[in-house]
Amino acid sequence: MVLIALWGCAPKAPAVSASAPLTVDVAWVAAPMGEVPPREAPAALADAMEKQLRSRNLQPHRVPAAEWGVPFDARDLPEQRAGWLVARPGAADAVLLADLSPRYFGFVNGRYRWTVTAELWLVDPDDPTHAVTDRFEVPAYLTWDHERDDAALVAAAPLVGRHLDDLVEDWLGGR
Amino acid sequence: MIALFAAAALAQSADVAGYARIMTRPDFAGGDGKLGYWNLYGRLLNEGPYAAVELRVDALEREPGSDDVWTDLHLRVEGGSVTNADLGNGALSLFRLSQLYTQAGNLTRAPIVWRIGTLESTFGDLGLYDLRPAQLLFDTIGGQATLQTRPVDVIVGVGDAGYALKGGRYNTVPTAGATARVRVVPGHLELGGGAQAYYEPAVAGNRNAQYQTPGMTYEDFVRGEYLQGLAEANNAVLGDIPDPDARSAASYKLVGYLGAGGGPLRWNNLFVSYQRLHPQTATVETFDGVTADLYVHDLTDERTVLIVGDEAQLRVVPDRLDVVLAGLLGVHEDGDNDLSPSDFDRRYTSLVGRAQLYATPVVHLLAESSYATETSTNGNAYREHYDSIFQGTDGVQDARGLEFGDSDTRTTWQGKGGVVLNPLGPGVYVRPSLRLLYGAQWSSQNNAFGNSFVADLDQYNTFGNVERHWHHVLALESEIWF
């Protein structure tokens with residue numbers, strides 16, 4: 001038991017980072033079920049994700065909702081939204097789209113269970129074939145009824161962040 | 001079952017959720033691994049293993065920003081037993097299909113979700129107790145409409161609660177209930193309330209309907225001596241049992257809710273519920289070779305339960321220390337019973353506090369303490385000493401007495417503490433949690449925990465009796481919502 005505990009103190013393998021700082025245009029999109037158009041995801045989630053990006057030597061530049069174009073207006077696919085980000089003039093070294101859709105599942109054993117469906121796109125605007133994407137669902141459990149879509153997204157942040165880490169590693173590995 | 005659900009989830013648009021807890025608590029004091037009798041002392045270390053799996057299948061998928069019609073099916077299986085973890089040994093007979101319902105939305109322009117199947121409306125949970133006092137419609141099979149807007153939620157349900165209230169003695173019990181939640185200051189102040197009413201009509205000829213057996217007293221009922229008394233009154237072998245008189249029955253539940261939060265107070269839930277319980281249908285007696293159903297509507301139609309519960313979660317030092325405080329008051333009254341102690345004639349109060357210190361985002365230290373008193377309002381109900389069977393009220397032995405033990409009050413203190421590993425980070429209710437805990441209990445009742453002791457004072461009791469008011473357990477456990 002002691003040996004196992006000591007083993008656990010050994011440093012983890014270093015995370016893959018960009019060899020030189022890269023700028024990333026990022027859109028954090030929240031698309032709750034009953035809302036049109038989508039809006040920016042809560043700052044707590046965006047801040048946590050951007051902190052992760054910085055740890056990979058990626059410099060995020062948030063694209064605010066006010067600048068979002070037509071594909072963000074209605075029920076367009078995340079792929080179309082990512083394409084719009086890539087096609088923006090003066091795009092950064094990379095563009096990242098996080099399209100997040102929270103949906104209430106039900107009251108499960110005393111907690112409010114939400115499902116967050118997420119789709120992440122990380123694309124090199126100079127070479128759009130150098131793109132990685134990940135679509136997944138993660139659970140978010142909330143304690144109180146008044147916590148709704150935004151709280152579900154914040155609660156899901158650790159799990160979304162795990163996927164984002166993998167996505168960034170895949171993308172950096174392909175450069 | 002999980003594999004079946006997972007296969008269904010892969011086959012079409014579906015989602016699987018659930019909850020599980022499992023623990024080992026070797027108990028060198030001869031207990032069954034729980035620190036005390038029930039979660040009045042805080043649910044931590046007082047509950048056993050549990051598993052629930054819920055499947056949601058989208059028959060018509062719901063899409064963000066769409067006003068297309070959608071419909072889904074929910075199906076939940078749950079139960080309190082796991083192989084090698086409890087007496088049930090994980091038997092599937094201890095699990096049940098507890099929820100099955102279909103929902104549909106966007107059927108009209110109004111933001112209403114329609115639901116048919118098992119119903120539910122709740123204002124939330126007292127997490128430290130794992131109790132939901134302000135819950136309605138949970139016993140009903142029927143239809144429910146949920147109107148959800150930013151300032152107000154309204155839920156209306158109608159259906160039948162006969163199986164939930166009467167089980168094997170099923171008789172239709174039509175019921176209707178409604179709740180409303182108003183967000184007075186969104187995110188900071190909410191008010192809510194609701195009511196549910198039940199009515200069981202008299203159905204002459206249906207042996208599962210409500211009746212009253214003539215001439216039966218509460219003492220007959222509680223002693224199970226109605227048939228014997230009838231035979232003695234007739235001064236002969238048991239003659240004809242009087243025909244029961246048909247009755248209709250009504251009951252109800254009222255709930256109230258106040259939620260508030262802001263600043264270091266993350267949220268405070270205050271729940272109130274007042275319920276007039278539905279009357280019991282019948283009791284079974286056997287005397288002199290005759291077994292009969294005896295109907296007890298008039299003897300069980302004055303039972304009420306008042307519960308007040310409050311829980312506050314405080315962020316004392318952000319990302320370092322959270323505290324949760326909770327209290328519970330219960331008043332159970334039975335207007336028909338002036339004779340014997342029972343669960344329908346008691347009062348209890350409880351306070352629980354938990355502090356969770358985040359040494360790192362993943363490694364936490366937990367400390368919890370609780371203090372509770374339970375009082376029987378109809379005489380003694382608890383044994384404070386192993387030989388207390390010889391004492392009644394005023395110390396007088398009464399072989400025909402209906403009291404039990406030597407005290408009408410049980411006082412319980414519990415303290416718990418240990419290390420918690422939360423892979424998903426800080427938060428008192430963030431799961432999964434892997435916990436190594438120690439718990440101690442002091443109770444005024446002798447051996448106040450589930451055990452296998454021989455409690456009688458028979459001279460041939462070869463195991464002897466034990467006087468013990470302290471109880472200790474060490475627990476290794478995990479809990480997850482997924």
# chains A, B, ... in the order shown; residues from 1 in each chain; ligands from 1
>>> closest_atom_pairs(of="chain A", to="chain B", cutoff="8 Å", atoms="only C-alpha atoms", output="Markdown table")
| residue | atom | partner | partner_atom | distance |
| --- | --- | --- | --- | --- |
| A:Ala31 | CA | B:Pro64 | CA | 6.0 |
| A:Pro32 | CA | B:Pro64 | CA | 5.8 |
| A:Met33 | CA | B:Pro64 | CA | 4.0 |
| A:Gly34 | CA | B:Gly65 | CA | 5.3 |
| A:Glu35 | CA | B:Gly65 | CA | 5.1 |
| A:Val36 | CA | B:Gly65 | CA | 5.0 |
| A:Pro37 | CA | B:Gly65 | CA | 7.0 |
| A:Pro38 | CA | B:Gly65 | CA | 7.8 |
| A:Ala74 | CA | B:Gly65 | CA | 7.1 |
| A:Arg75 | CA | B:Gly65 | CA | 6.3 |
| A:Ser101 | CA | B:Pro64 | CA | 6.9 |
| A:Phe105 | CA | B:Arg56 | CA | 7.8 |
| A:Val108 | CA | B:Gly18 | CA | 6.7 |
| A:Asn109 | CA | B:Tyr19 | CA | 6.9 |
| A:Gly110 | CA | B:Asp125 | CA | 5.4 |
| A:Arg111 | CA | B:Asp125 | CA | 7.5 |
| A:Arg113 | CA | B:Ala17 | CA | 7.8 |
| A:Pro139 | CA | B:Phe482 | CA | 6.3 |
| A:Tyr141 | CA | B:Trp481 | CA | 7.4 |
| A:Thr143 | CA | B:Tyr429 | CA | 7.4 |
| A:Trp144 | CA | B:Gly124 | CA | 6.6 |
| A:Asp145 | CA | B:Gly124 | CA | 6.9 |
| A:His146 | CA | B:Gly187 | CA | 6.0 |
| A:Glu147 | CA | B:Gly187 | CA | 7.5 |
| A:Pro158 | CA | B:Leu424 | CA | 6.5 |
>>> select_by_dssp(residues="chain A", states="alpha helix (DSSP H)", output="ChimeraX atom specification")
/A:2-7,43-55,78-87,149-173
>>> write_last_selection(atoms="C-alpha atoms", output="PDB file, in the first residue's frame")
ATOM      1  CA  VAL A   2       2.833   2.415   0.923  1.00  0.00           C
ATOM      2  CA  LEU A   3       4.715   1.553  -2.261  1.00  0.00           C
ATOM      3  CA  ILE A   4       1.601   2.178  -4.320  1.00  0.00           C
ATOM      4  CA  ALA A   5       1.117   5.508  -2.571  1.00  0.00           C
ATOM      5  CA  LEU A   6       4.748   6.496  -3.249  1.00  0.00           C
ATOM      6  CA  TRP A   7       4.379   5.423  -6.842  1.00  0.00           C
ATOM      7  CA  ALA A  43     -17.664  32.622 -18.719  1.00  0.00           C
ATOM      8  CA  ALA A  44     -16.761  30.113 -16.004  1.00  0.00           C
ATOM      9  CA  LEU A  45     -16.612  27.344 -18.578  1.00  0.00           C
ATOM     10  CA  ALA A  46     -14.824  29.446 -21.179  1.00  0.00           C
ATOM     11  CA  ASP A  47     -12.256  30.642 -18.645  1.00  0.00           C
ATOM     12  CA  ALA A  48     -11.509  27.083 -17.520  1.00  0.00           C
ATOM     13  CA  MET A  49     -11.109  25.855 -21.078  1.00  0.00           C
ATOM     14  CA  GLU A  50      -8.917  28.772 -22.089  1.00  0.00           C
ATOM     15  CA  LYS A  51      -6.693  28.123 -19.103  1.00  0.00           C
ATOM     16  CA  GLN A  52      -6.184  24.619 -20.454  1.00  0.00           C
ATOM     17  CA  LEU A  53      -5.346  25.981 -23.886  1.00  0.00           C
ATOM     18  CA  ARG A  54      -2.731  28.313 -22.445  1.00  0.00           C
ATOM     19  CA  SER A  55      -1.101  25.384 -20.673  1.00  0.00           C
ATOM     20  CA  PRO A  78     -21.422  22.876 -35.829  1.00  0.00           C
ATOM     21  CA  GLU A  79     -19.482  21.956 -38.947  1.00  0.00           C
ATOM     22  CA  GLN A  80     -20.961  24.987 -40.718  1.00  0.00           C
ATOM     23  CA  ARG A  81     -20.133  27.207 -37.770  1.00  0.00           C
ATOM     24  CA  ALA A  82     -16.551  25.943 -37.728  1.00  0.00           C
ATOM     25  CA  GLY A  83     -16.365  26.615 -41.448  1.00  0.00           C
ATOM     26  CA  TRP A  84     -17.498  30.188 -40.877  1.00  0.00           C
ATOM     27  CA  LEU A  85     -14.793  30.685 -38.241  1.00  0.00           C
ATOM     28  CA  VAL A  86     -12.142  29.313 -40.589  1.00  0.00           C
ATOM     29  CA  ALA A  87     -13.259  31.575 -43.431  1.00  0.00           C
ATOM     30  CA  ASP A 149     -28.517  25.404 -18.710  1.00  0.00           C
ATOM     31  CA  ASP A 150     -25.532  27.536 -17.754  1.00  0.00           C
ATOM     32  CA  ALA A 151     -24.934  25.693 -14.506  1.00  0.00           C
ATOM     33  CA  ALA A 152     -25.087  22.392 -16.393  1.00  0.00           C
ATOM     34  CA  LEU A 153     -22.411  23.617 -18.783  1.00  0.00           C
ATOM     35  CA  VAL A 154     -20.174  24.739 -15.924  1.00  0.00           C
ATOM     36  CA  ALA A 155     -20.692  21.424 -14.130  1.00  0.00           C
ATOM     37  CA  ALA A 156     -19.737  19.587 -17.307  1.00  0.00           C
ATOM     38  CA  ALA A 157     -16.555  21.649 -17.762  1.00  0.00           C
ATOM     39  CA  PRO A 158     -14.132  19.085 -16.250  1.00  0.00           C
ATOM     40  CA  LEU A 159     -15.380  16.386 -18.609  1.00  0.00           C
ATOM     41  CA  VAL A 160     -15.498  18.700 -21.627  1.00  0.00           C
ATOM     42  CA  GLY A 161     -11.987  19.817 -20.725  1.00  0.00           C
ATOM     43  CA  ARG A 162     -10.782  16.231 -20.810  1.00  0.00           C
ATOM     44  CA  HIS A 163     -12.043  15.880 -24.369  1.00  0.00           C
ATOM     45  CA  LEU A 164     -10.541  19.240 -25.303  1.00  0.00           C
ATOM     46  CA  ASP A 165      -7.165  18.066 -24.010  1.00  0.00           C
ATOM     47  CA  ASP A 166      -7.307  14.986 -26.198  1.00  0.00           C
ATOM     48  CA  LEU A 167      -8.401  17.045 -29.176  1.00  0.00           C
ATOM     49  CA  VAL A 168      -5.514  19.492 -28.791  1.00  0.00           C
ATOM     50  CA  GLU A 169      -3.011  16.657 -28.450  1.00  0.00           C
ATOM     51  CA  ASP A 170      -4.337  15.036 -31.620  1.00  0.00           C
ATOM     52  CA  TRP A 171      -4.207  18.323 -33.479  1.00  0.00           C
ATOM     53  CA  LEU A 172      -0.702  19.213 -32.300  1.00  0.00           C
ATOM     54  CA  GLY A 173       0.468  15.693 -33.085  1.00  0.00           C
TER      55      GLY A 173
END
>>> residues_around(residues="Thr24 (chain B)", least_positions_apart="6", cutoff="9 Å", atoms="only C-alpha atoms", output="list of chain:residue names")
B:Gly33, B:Ala85, B:Leu474, B:Ala475, B:Leu476, B:Glu477
>>> atom_distance(atom1="CA of Glu219 (chain B)", atom2="CA of Asp456 (chain B)")
25.0 Å
>>> atom_distance(atom1="CA of Asn171 (chain B)", atom2="CA of Asp301 (chain B)")
16.6 Å
>>> residues_around(residues="Phe136 (chain A)", least_positions_apart="4", cutoff="8 Å", atoms="only C-alpha atoms", output="VMD selection string")
chain A and resid 117 to 119
>>> write_last_selection(atoms="N, CA, C and O atoms", output="mmCIF file, in the first residue's frame")
data_model
loop_
_atom_site.group_PDB
_atom_site.id
_atom_site.type_symbol
_atom_site.label_atom_id
_atom_site.label_comp_id
_atom_site.auth_asym_id
_atom_site.auth_seq_id
_atom_site.Cartn_x
_atom_site.Cartn_y
_atom_site.Cartn_z
ATOM 1 N N THR A 117 -24.464 17.681 -24.761
ATOM 2 C CA THR A 117 -23.953 17.180 -26.028
ATOM 3 C C THR A 117 -22.973 18.214 -26.572
ATOM 4 O O THR A 117 -23.316 19.391 -26.690
ATOM 5 N N ALA A 118 -21.774 17.768 -26.851
ATOM 6 C CA ALA A 118 -20.725 18.701 -27.248
ATOM 7 C C ALA A 118 -20.115 18.280 -28.574
ATOM 8 O O ALA A 118 -20.008 17.083 -28.875
ATOM 9 N N GLU A 119 -19.741 19.266 -29.349
ATOM 10 C CA GLU A 119 -18.987 19.004 -30.567
ATOM 11 C C GLU A 119 -17.858 20.027 -30.633
ATOM 12 O O GLU A 119 -18.106 21.241 -30.560
#
>>> residues_around(residues="region 17-30 of chain A", least_positions_apart="4", cutoff="8 Å", atoms="only C-alpha atoms", output="PDB file with N, CA, C and O atoms, in the first residue's frame")
ATOM      1  N   PRO A  38     -28.359  30.553 -30.678  1.00  0.00           N
ATOM      2  CA  PRO A  38     -27.443  30.161 -29.601  1.00  0.00           C
ATOM      3  C   PRO A  38     -26.714  31.377 -29.052  1.00  0.00           C
ATOM      4  O   PRO A  38     -26.732  32.451 -29.652  1.00  0.00           O
ATOM      5  N   ARG A  39     -26.110  31.188 -27.920  1.00  0.00           N
ATOM      6  CA  ARG A  39     -25.432  32.322 -27.266  1.00  0.00           C
ATOM      7  C   ARG A  39     -24.085  31.850 -26.749  1.00  0.00           C
ATOM      8  O   ARG A  39     -23.739  30.669 -26.884  1.00  0.00           O
ATOM      9  N   GLU A  40     -23.363  32.780 -26.155  1.00  0.00           N
ATOM     10  CA  GLU A  40     -22.049  32.417 -25.621  1.00  0.00           C
ATOM     11  C   GLU A  40     -22.209  31.528 -24.389  1.00  0.00           C
ATOM     12  O   GLU A  40     -23.081  31.763 -23.550  1.00  0.00           O
ATOM     13  N   ALA A  41     -21.342  30.547 -24.288  1.00  0.00           N
ATOM     14  CA  ALA A  41     -21.342  29.694 -23.107  1.00  0.00           C
ATOM     15  C   ALA A  41     -20.901  30.522 -21.902  1.00  0.00           C
ATOM     16  O   ALA A  41     -20.228  31.547 -22.058  1.00  0.00           O
ATOM     17  N   ALA A  46     -15.784  28.943 -20.203  1.00  0.00           N
ATOM     18  CA  ALA A  46     -14.824  29.446 -21.179  1.00  0.00           C
ATOM     19  C   ALA A  46     -13.474  29.728 -20.524  1.00  0.00           C
ATOM     20  O   ALA A  46     -12.420  29.373 -21.067  1.00  0.00           O
ATOM     21  N   SER A  55      -2.079  26.346 -21.169  1.00  0.00           N
ATOM     22  CA  SER A  55      -1.101  25.384 -20.673  1.00  0.00           C
ATOM     23  C   SER A  55      -0.477  24.575 -21.809  1.00  0.00           C
ATOM     24  O   SER A  55       0.536  23.916 -21.626  1.00  0.00           O
ATOM     25  N   ARG A  56      -1.119  24.628 -22.983  1.00  0.00           N
ATOM     26  CA  ARG A  56      -0.577  23.935 -24.170  1.00  0.00           C
ATOM     27  C   ARG A  56       0.137  24.916 -25.099  1.00  0.00           C
ATOM     28  O   ARG A  56       0.368  24.610 -26.257  1.00  0.00           O
ATOM     29  N   ASN A  57       0.415  26.096 -24.594  1.00  0.00           N
ATOM     30  CA  ASN A  57       1.087  27.119 -25.390  1.00  0.00           C
ATOM     31  C   ASN A  57       0.202  27.622 -26.531  1.00  0.00           C
ATOM     32  O   ASN A  57       0.707  28.047 -27.568  1.00  0.00           O
ATOM     33  N   LEU A  58      -1.101  27.553 -26.341  1.00  0.00           N
ATOM     34  CA  LEU A  58      -2.049  28.109 -27.304  1.00  0.00           C
ATOM     35  C   LEU A  58      -2.634  29.382 -26.688  1.00  0.00           C
ATOM     36  O   LEU A  58      -2.999  29.389 -25.503  1.00  0.00           O
ATOM     37  N   GLN A  59      -2.695  30.430 -27.468  1.00  0.00           N
ATOM     38  CA  GLN A  59      -3.154  31.721 -26.961  1.00  0.00           C
ATOM     39  C   GLN A  59      -4.570  31.983 -27.475  1.00  0.00           C
ATOM     40  O   GLN A  59      -4.746  32.366 -28.628  1.00  0.00           O
ATOM     41  N   PRO A  60      -5.579  31.743 -26.627  1.00  0.00           N
ATOM     42  CA  PRO A  60      -6.957  31.878 -27.115  1.00  0.00           C
ATOM     43  C   PRO A  60      -7.378  33.332 -27.304  1.00  0.00           C
ATOM     44  O   PRO A  60      -7.026  34.201 -26.503  1.00  0.00           O
ATOM     45  N   HIS A  61      -8.129  33.535 -28.351  1.00  0.00           N
ATOM     46  CA  HIS A  61      -8.778  34.838 -28.578  1.00  0.00           C
ATOM     47  C   HIS A  61     -10.258  34.554 -28.761  1.00  0.00           C
ATOM     48  O   HIS A  61     -10.660  33.890 -29.713  1.00  0.00           O
ATOM     49  N   ARG A  62     -11.030  35.013 -27.792  1.00  0.00           N
ATOM     50  CA  ARG A  62     -12.455  34.676 -27.794  1.00  0.00           C
ATOM     51  C   ARG A  62     -13.189  35.476 -28.863  1.00  0.00           C
ATOM     52  O   ARG A  62     -13.053  36.705 -28.928  1.00  0.00           O
ATOM     53  N   VAL A  63     -13.973  34.802 -29.684  1.00  0.00           N
ATOM     54  CA  VAL A  63     -14.812  35.480 -30.674  1.00  0.00           C
ATOM     55  C   VAL A  63     -16.186  35.673 -30.027  1.00  0.00           C
ATOM     56  O   VAL A  63     -16.916  34.695 -29.816  1.00  0.00           O
ATOM     57  N   PRO A  64     -16.529  36.911 -29.700  1.00  0.00           N
ATOM     58  CA  PRO A  64     -17.786  37.127 -28.960  1.00  0.00           C
ATOM     59  C   PRO A  64     -19.008  36.907 -29.847  1.00  0.00           C
ATOM     60  O   PRO A  64     -18.925  36.977 -31.078  1.00  0.00           O
ATOM     61  N   ALA A  65     -20.124  36.675 -29.197  1.00  0.00           N
ATOM     62  CA  ALA A  65     -21.364  36.382 -29.927  1.00  0.00           C
ATOM     63  C   ALA A  65     -21.737  37.518 -30.874  1.00  0.00           C
ATOM     64  O   ALA A  65     -22.319  37.288 -31.935  1.00  0.00           O
ATOM     65  N   LEU A  85     -15.931  30.179 -39.015  1.00  0.00           N
ATOM     66  CA  LEU A  85     -14.793  30.685 -38.241  1.00  0.00           C
ATOM     67  C   LEU A  85     -13.504  30.613 -39.057  1.00  0.00           C
ATOM     68  O   LEU A  85     -12.689  31.540 -39.054  1.00  0.00           O
ATOM     69  N   ALA A  91      -7.976  35.243 -39.750  1.00  0.00           N
ATOM     70  CA  ALA A  91      -8.099  34.213 -38.724  1.00  0.00           C
ATOM     71  C   ALA A  91      -6.737  33.946 -38.083  1.00  0.00           C
ATOM     72  O   ALA A  91      -5.687  34.213 -38.680  1.00  0.00           O
ATOM     73  N   ALA A  92      -6.766  33.426 -36.902  1.00  0.00           N
ATOM     74  CA  ALA A  92      -5.541  33.151 -36.150  1.00  0.00           C
ATOM     75  C   ALA A  92      -4.862  31.888 -36.691  1.00  0.00           C
ATOM     76  O   ALA A  92      -5.260  31.343 -37.726  1.00  0.00           O
ATOM     77  N   ASP A  93      -3.839  31.409 -35.927  1.00  0.00           N
ATOM     78  CA  ASP A  93      -3.132  30.201 -36.372  1.00  0.00           C
ATOM     79  C   ASP A  93      -4.051  28.981 -36.351  1.00  0.00           C
ATOM     80  O   ASP A  93      -3.802  27.992 -37.041  1.00  0.00           O
ATOM     81  N   ALA A  94      -5.066  29.050 -35.529  1.00  0.00           N
ATOM     82  CA  ALA A  94      -6.021  27.940 -35.441  1.00  0.00           C
ATOM     83  C   ALA A  94      -7.375  28.496 -35.032  1.00  0.00           C
ATOM     84  O   ALA A  94      -7.454  29.595 -34.449  1.00  0.00           O
ATOM     85  N   VAL A  95      -8.429  27.760 -35.343  1.00  0.00           N
ATOM     86  CA  VAL A  95      -9.745  28.148 -34.828  1.00  0.00           C
ATOM     87  C   VAL A  95     -10.324  26.962 -34.059  1.00  0.00           C
ATOM     88  O   VAL A  95     -10.151  25.808 -34.455  1.00  0.00           O
ATOM     89  N   LEU A  96     -10.970  27.297 -32.972  1.00  0.00           N
ATOM     90  CA  LEU A  96     -11.593  26.265 -32.132  1.00  0.00           C
ATOM     91  C   LEU A  96     -13.067  26.614 -31.961  1.00  0.00           C
ATOM     92  O   LEU A  96     -13.398  27.731 -31.553  1.00  0.00           O
ATOM     93  N   LEU A  97     -13.911  25.659 -32.285  1.00  0.00           N
ATOM     94  CA  LEU A  97     -15.343  25.824 -32.036  1.00  0.00           C
ATOM     95  C   LEU A  97     -15.752  24.802 -30.986  1.00  0.00           C
ATOM     96  O   LEU A  97     -15.466  23.610 -31.125  1.00  0.00           O
ATOM     97  N   ALA A  98     -16.401  25.288 -29.946  1.00  0.00           N
ATOM     98  CA  ALA A  98     -16.991  24.388 -28.951  1.00  0.00           C
ATOM     99  C   ALA A  98     -18.493  24.618 -28.975  1.00  0.00           C
ATOM    100  O   ALA A  98     -18.973  25.678 -28.557  1.00  0.00           O
ATOM    101  N   ASP A  99     -19.234  23.664 -29.512  1.00  0.00           N
ATOM    102  CA  ASP A  99     -20.682  23.775 -29.648  1.00  0.00           C
ATOM    103  C   ASP A  99     -21.307  22.895 -28.570  1.00  0.00           C
ATOM    104  O   ASP A  99     -21.195  21.671 -28.614  1.00  0.00           O
ATOM    105  N   LEU A 100     -21.967  23.509 -27.597  1.00  0.00           N
ATOM    106  CA  LEU A 100     -22.406  22.789 -26.402  1.00  0.00           C
ATOM    107  C   LEU A 100     -23.916  22.922 -26.233  1.00  0.00           C
ATOM    108  O   LEU A 100     -24.443  24.026 -26.210  1.00  0.00           O
ATOM    109  N   SER A 101     -24.586  21.794 -26.110  1.00  0.00           N
ATOM    110  CA  SER A 101     -26.034  21.818 -26.005  1.00  0.00           C
ATOM    111  C   SER A 101     -26.482  21.081 -24.744  1.00  0.00           C
ATOM    112  O   SER A 101     -26.444  19.854 -24.684  1.00  0.00           O
ATOM    113  N   PRO A 102     -26.904  21.832 -23.707  1.00  0.00           N
ATOM    114  CA  PRO A 102     -27.375  21.173 -22.482  1.00  0.00           C
ATOM    115  C   PRO A 102     -28.846  20.781 -22.603  1.00  0.00           C
ATOM    116  O   PRO A 102     -29.648  21.514 -23.193  1.00  0.00           O
ATOM    117  N   GLU A 169      -4.157  17.553 -28.254  1.00  0.00           N
ATOM    118  CA  GLU A 169      -3.011  16.657 -28.450  1.00  0.00           C
ATOM    119  C   GLU A 169      -3.029  16.056 -29.843  1.00  0.00           C
ATOM    120  O   GLU A 169      -2.001  15.955 -30.517  1.00  0.00           O
ATOM    121  N   LEU A 172      -2.128  18.866 -32.336  1.00  0.00           N
ATOM    122  CA  LEU A 172      -0.702  19.213 -32.300  1.00  0.00           C
ATOM    123  C   LEU A 172       0.151  18.071 -32.847  1.00  0.00           C
ATOM    124  O   LEU A 172       1.160  18.301 -33.518  1.00  0.00           O
TER     125      LEU A 172
END
>>> residues_around(residues="Leu147 (chain B)", least_positions_apart="2", cutoff="7 Å", atoms="only C-alpha atoms", output="list in words")
Pro111, Ile112, Val113, Ala145, Thr149, Asp153, Val154 and Ile155 of chain B
>>> write_last_selection(atoms="N, CA, C and O atoms", output="compact mmCIF listing (two decimals), in the first residue's frame")
# COMPACT_ATOMS: atom_id res chain seq x y z
N PRO B 111 -45.39 26.17 -23.99
CA PRO B 111 -44.23 25.37 -23.56
C PRO B 111 -44.61 24.33 -22.52
O PRO B 111 -44.21 24.41 -21.36
N ILE B 112 -45.39 23.37 -22.95
CA ILE B 112 -45.89 22.34 -22.03
C ILE B 112 -45.29 20.99 -22.42
O ILE B 112 -45.27 20.63 -23.59
N VAL B 113 -44.82 20.28 -21.40
CA VAL B 113 -44.37 18.90 -21.60
C VAL B 113 -45.44 17.98 -21.03
O VAL B 113 -45.83 18.11 -19.87
N ALA B 145 -48.96 17.38 -16.83
CA ALA B 145 -48.56 18.46 -17.73
C ALA B 145 -47.65 19.40 -16.97
O ALA B 145 -47.94 19.79 -15.84
N THR B 149 -41.86 28.14 -17.58
CA THR B 149 -41.49 29.45 -18.12
C THR B 149 -40.38 30.00 -17.23
O THR B 149 -40.06 29.41 -16.19
N ASP B 153 -43.03 27.77 -12.86
CA ASP B 153 -43.25 26.39 -13.30
C ASP B 153 -44.56 25.91 -12.68
O ASP B 153 -44.78 26.10 -11.48
N VAL B 154 -45.39 25.28 -13.47
CA VAL B 154 -46.63 24.70 -12.95
C VAL B 154 -46.71 23.25 -13.41
O VAL B 154 -46.49 22.95 -14.58
N ILE B 155 -47.01 22.38 -12.47
CA ILE B 155 -47.17 20.96 -12.80
C ILE B 155 -48.54 20.51 -12.30
O ILE B 155 -48.90 20.76 -11.15
>>> atom_distance(atom1="CA of Thr146 (chain B)", atom2="CA of Gly167 (chain B)")
27.8 Å
>>> closest_residue(among="B:Asn84, B:Gln135, B:Thr411, B:Thr71", to="Ala104 (chain B)", atoms="only C-alpha atoms")
B:Thr71
>>> select_by_dssp(residues="region 252-375 of chain B", states="strand (DSSP E)", output="PyMOL selection string")
chain B and resi 252-262+265-276+282-287+290-295+303-317+321-334+346-358+363-375
>>> residues_around(residues="Ala355 (chain B)", least_positions_apart="2", cutoff="9 Å", atoms="only C-alpha atoms", output="number ranges by chain")
B: 321-325, 353, 357, 365-368, 428
>>> write_last_selection(atoms="N, CA and C atoms", output="mmCIF file, in the first residue's frame")
data_model
loop_
_atom_site.group_PDB
_atom_site.id
_atom_site.type_symbol
_atom_site.label_atom_id
_atom_site.label_comp_id
_atom_site.auth_asym_id
_atom_site.auth_seq_id
_atom_site.Cartn_x
_atom_site.Cartn_y
_atom_site.Cartn_z
ATOM 1 N N LEU B 321 -13.216 25.508 1.600
ATOM 2 C CA LEU B 321 -14.067 24.965 2.667
ATOM 3 C C LEU B 321 -15.536 25.247 2.385
ATOM 4 N N ASP B 322 -16.310 24.185 2.313
ATOM 5 C CA ASP B 322 -17.765 24.297 2.214
ATOM 6 C C ASP B 322 -18.388 23.670 3.458
ATOM 7 N N VAL B 323 -19.510 24.227 3.861
ATOM 8 C CA VAL B 323 -20.234 23.701 5.025
ATOM 9 C C VAL B 323 -21.699 23.531 4.643
ATOM 10 N N VAL B 324 -22.293 22.431 5.075
ATOM 11 C CA VAL B 324 -23.725 22.208 4.869
ATOM 12 C C VAL B 324 -24.368 21.974 6.230
ATOM 13 N N LEU B 325 -25.441 22.720 6.502
ATOM 14 C CA LEU B 325 -26.179 22.570 7.757
ATOM 15 C C LEU B 325 -27.615 22.176 7.428
ATOM 16 N N GLY B 353 -24.578 18.670 10.554
ATOM 17 C CA GLY B 353 -23.652 19.620 9.934
ATOM 18 C C GLY B 353 -22.498 18.871 9.300
ATOM 19 N N LEU B 357 -13.291 20.099 3.619
ATOM 20 C CA LEU B 357 -12.107 20.924 3.383
ATOM 21 C C LEU B 357 -11.370 20.369 2.177
ATOM 22 N N LEU B 365 -11.018 16.568 2.981
ATOM 23 C CA LEU B 365 -11.241 16.060 4.335
ATOM 24 C C LEU B 365 -12.681 16.366 4.722
ATOM 25 N N LEU B 366 -13.345 15.373 5.267
ATOM 26 C CA LEU B 366 -14.774 15.522 5.581
ATOM 27 C C LEU B 366 -14.996 15.309 7.073
ATOM 28 N N ALA B 367 -15.841 16.137 7.654
ATOM 29 C CA ALA B 367 -16.259 15.944 9.050
ATOM 30 C C ALA B 367 -17.753 16.216 9.137
ATOM 31 N N GLU B 368 -18.457 15.349 9.833
ATOM 32 C CA GLU B 368 -19.911 15.527 9.966
ATOM 33 C C GLU B 368 -20.335 15.140 11.374
ATOM 34 N N VAL B 428 -19.307 19.614 -2.107
ATOM 35 C CA VAL B 428 -19.831 18.636 -1.139
ATOM 36 C C VAL B 428 -20.620 17.539 -1.853
#
